[in-house]
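Colleague: Following this message is one structure expressed as structure tokens.
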Amino acid sequence: MVKAIQIGLGHWGFSWSKDVIPKVPTVEMVGYVDTNPEATARIQDELGVDAKLCFTSLEDAAKHTDATLALCTLRTEAHYPVVKRCLELGFNVLVEKPFTTTIAQGKELVALAKAQNKLLMVSQNYRHQPAPIAAADLIEAGKFGALNMVSLDFRRHGPSQGYRYWDMPDPLLADMSIHHFDLMRMVLGDEPKRLTCRTWNPMGSPFHFDPSGAALIEFERGTMLSYRASWMNTGPVTPWAGEWVMDAAEGQIVWSSRDHFRDKAGPDRLAVRPLDGELQPVQLATVAFPDRTGTLSTIAAAVDTGVIPPRFSSGEDNLKSLALVRATILSASRNGDWVEIEEVMQ
Ligand SMILES: NC(=O)c1ccc[n+]([C@@H]2O[C@H](COP(=O)([O-])OP(=O)(O)OC[C@H]3O[C@@H](n4cnc5c(N)ncnc54)[C@H](O)[C@@H]3O)[C@@H](O)[C@H]2O)c1
């Protein structure tokens, strides 16, 4: 059992307190922190959390609890200063995506975690779903041979689907695509080398920054991945993880994951199609702790046992997913010029 505090009880943080933490029996909550007293009052009123466990400062929570894990679910700009303070105070940390706003901040936190001998994990919850896990296993096992090209589409329509962050900078590439970028690396088992990207804001869009983008990403082993994504698409919505077609030497792997839309949730799907053959659905294994319960239970086990499992999204690993965010934004700012991942990692 790992004792934890949660910092950041806003829109998504409240959902962590209500929908996620209670489903992970290896975590015992000993504190909840938000600088806004309305947020701590809400978890007391709606979730019955004891007022004694609620704090308006991290320092107070650290002083009055014996937690070893800090779950940081604050708005993104607050990740860097708050995670830094958590590590200085001696906590292991699980932080929501996107890890940090810049690679330099991320690198500093990774170095600090190492110096403090603490675990630092980014909650890339999409990794803990049946379809991407099965796809990664198939690729790792060499199913259909070398990967040739991958196409990934993501479509949502913000204005009619409850989107509320109209003035968020890079609402697509920094906030949403980080999930897709991180999955690319996990599923391909490969690292990106260079890319080209264009973004745009369609006429009449309520977004202040570009909600649509297209990128071509070249991976180390030569796989080319074409990515098309938009918050302003009127077509049929895709699952949150997008629609994937992975084309290899002897066949294709087709999959989608996190098929949530409005109040409905569908299952993950994966099918294989041998060259010249029919599409064959594959039965997916059940994941005991899916999605956000997966990231929380994984870090709790790692803190408890000291054993780091495969595909653990450590802060260090996450720098390379963040690099895809920075490189796509940089390429888009240069009208689609090719950008080497190396350039943004320095
Ligand atoms: N994984 C996913 O699918 C997913 C989905 C939605 C949001 N998120 C992420 O969750 C994070 C939180 O998003 P949100 O929509 O809840 O933001 P929000 O702005 O609604 O809430 C942030 C909360 O943090 C509090 N806060 C800010 N600074 C603080 C500090 N220094 N100390 C303590 N509390 C502080 C604020 O008072 C607020 O209650 C973001 O990083 C976002 O990217 C992830």
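Labels for the structure tokens follow display order: chains A, B, ..., residues from 1 in each chain, ligands from 1.
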At a cut-off of 7 Å and counting only C-alpha atoms and all ligand atoms, what residues surround ligand 1? Please answer as number ranges by chain.
Modeller: A: 7-13, 33-36, 39, 56-58, 73-76, 78, 82, 96-98, 123-125, 175
Colleague: Using DSSP on the backbone coordinates, identify all residues within segment 3-95 of chain A classified as helix (DSSP H, G or I); present the result as an NGL selection string.
Modeller: :A and (11-23 or 37-47 or 51-53 or 58-64 or 76-88)
Colleague: Just the residues within 6 Å of Ile5 of chain A, please, counting only C-alpha atoms, with nothing from its chain fewer than 4 positions along; format it as an mmCIF file with N, CA and C atoms, in the first residue's frame.
Modeller:
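Done, and the output landed in part06.cif:
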data_model
loop_
_atom_site.group_PDB
_atom_site.id
_atom_site.type_symbol
_atom_site.label_atom_id
_atom_site.label_comp_id
_atom_site.auth_asym_id
_atom_site.auth_seq_id
_atom_site.Cartn_x
_atom_site.Cartn_y
_atom_site.Cartn_z
ATOM 1 N N MET A 29 -5.177 7.405 0.097
ATOM 2 C CA MET A 29 -5.068 8.865 0.020
ATOM 3 C C MET A 29 -4.967 9.454 1.425
ATOM 4 N N VAL A 30 -3.913 10.267 1.629
ATOM 5 C CA VAL A 30 -3.743 10.907 2.934
ATOM 6 C C VAL A 30 -3.800 12.435 2.826
ATOM 7 N N GLY A 31 -3.966 12.964 1.614
ATOM 8 C CA GLY A 31 -4.073 14.410 1.484
ATOM 9 C C GLY A 31 -4.522 14.838 0.098
ATOM 10 N N TYR A 32 -5.251 15.978 0.072
ATOM 11 C CA TYR A 32 -5.706 16.570 -1.190
ATOM 12 C C TYR A 32 -5.370 18.052 -1.137
ATOM 13 N N ALA A 70 3.187 11.716 -4.832
ATOM 14 C CA ALA A 70 2.381 12.910 -5.144
ATOM 15 C C ALA A 70 1.798 12.738 -6.536
#
Colleague: To one decimal place, how far is atom CA of Leu279 of chain A from atom CA of Pro239 of chain A in Å?
Modeller: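 Atom CA of Pro239 of chain A lies 19.5 Å from atom CA of Leu279 of chain A.
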Colleague: Skipping near chain neighbours, those fewer than 2 positions away, what residues fall within 8 Å of Thr238 of chain A using only C-alpha atoms, listed as a list of chain:residue names?
Modeller: A:Asp153, A:Phe154, A:Arg155, A:Arg156, A:Pro236, A:Trp240, A:Ala241, A:Gly242, A:Glu243, A:Asp259
Colleague: Can you list every residue in segment 25-122 of chain A that DSSP puts in strand (DSSP E), as an NGL selection string?
Modeller: :A and (27-33 or 54-55 or 69-72 or 92-96 or 120-122)
Colleague: Would you kindly return, as an MDAnalysis selection string, each protein, DNA or RNA residue with an atom no farther than 10 Å from any atom of Ala229 of chain A, considering only C-alpha atoms and excluding same-chain residues fewer than 2 positions away?
Modeller: chainID A and resid 152:156 172:173 176:177 180 199 211:215 227 231:233 238 242
Colleague: Using only C-alpha atoms, which residues sit within 6 Å of segment 107-119 of chain A once same-chain residues fewer than 6 positions away are excluded, as a PyMOL selection string?
Modeller: chain A and resi 92+315-316
Colleague: Find the spatial neighbours of Leu275 of chain A, counting only C-alpha atoms, within a cut-off of 8 Å - ignore same-chain residues fewer than 4 positions away - and output them as a list in words.
Modeller: Glu250, Gly251 and Gln252 of chain A
Colleague: Could you turn the residues from that selection into a file that holds C-alpha atoms, as a CSV table (one decimal), in the first residue's frame?
Modeller:
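The resulting file, part30.csv, is shown below:
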chain,number,residue,atom,x,y,z
A,250,GLU,CA,3.4,-9.1,-45.2
A,251,GLY,CA,0.2,-7.6,-44.0
A,252,GLN,CA,-1.6,-4.9,-41.9
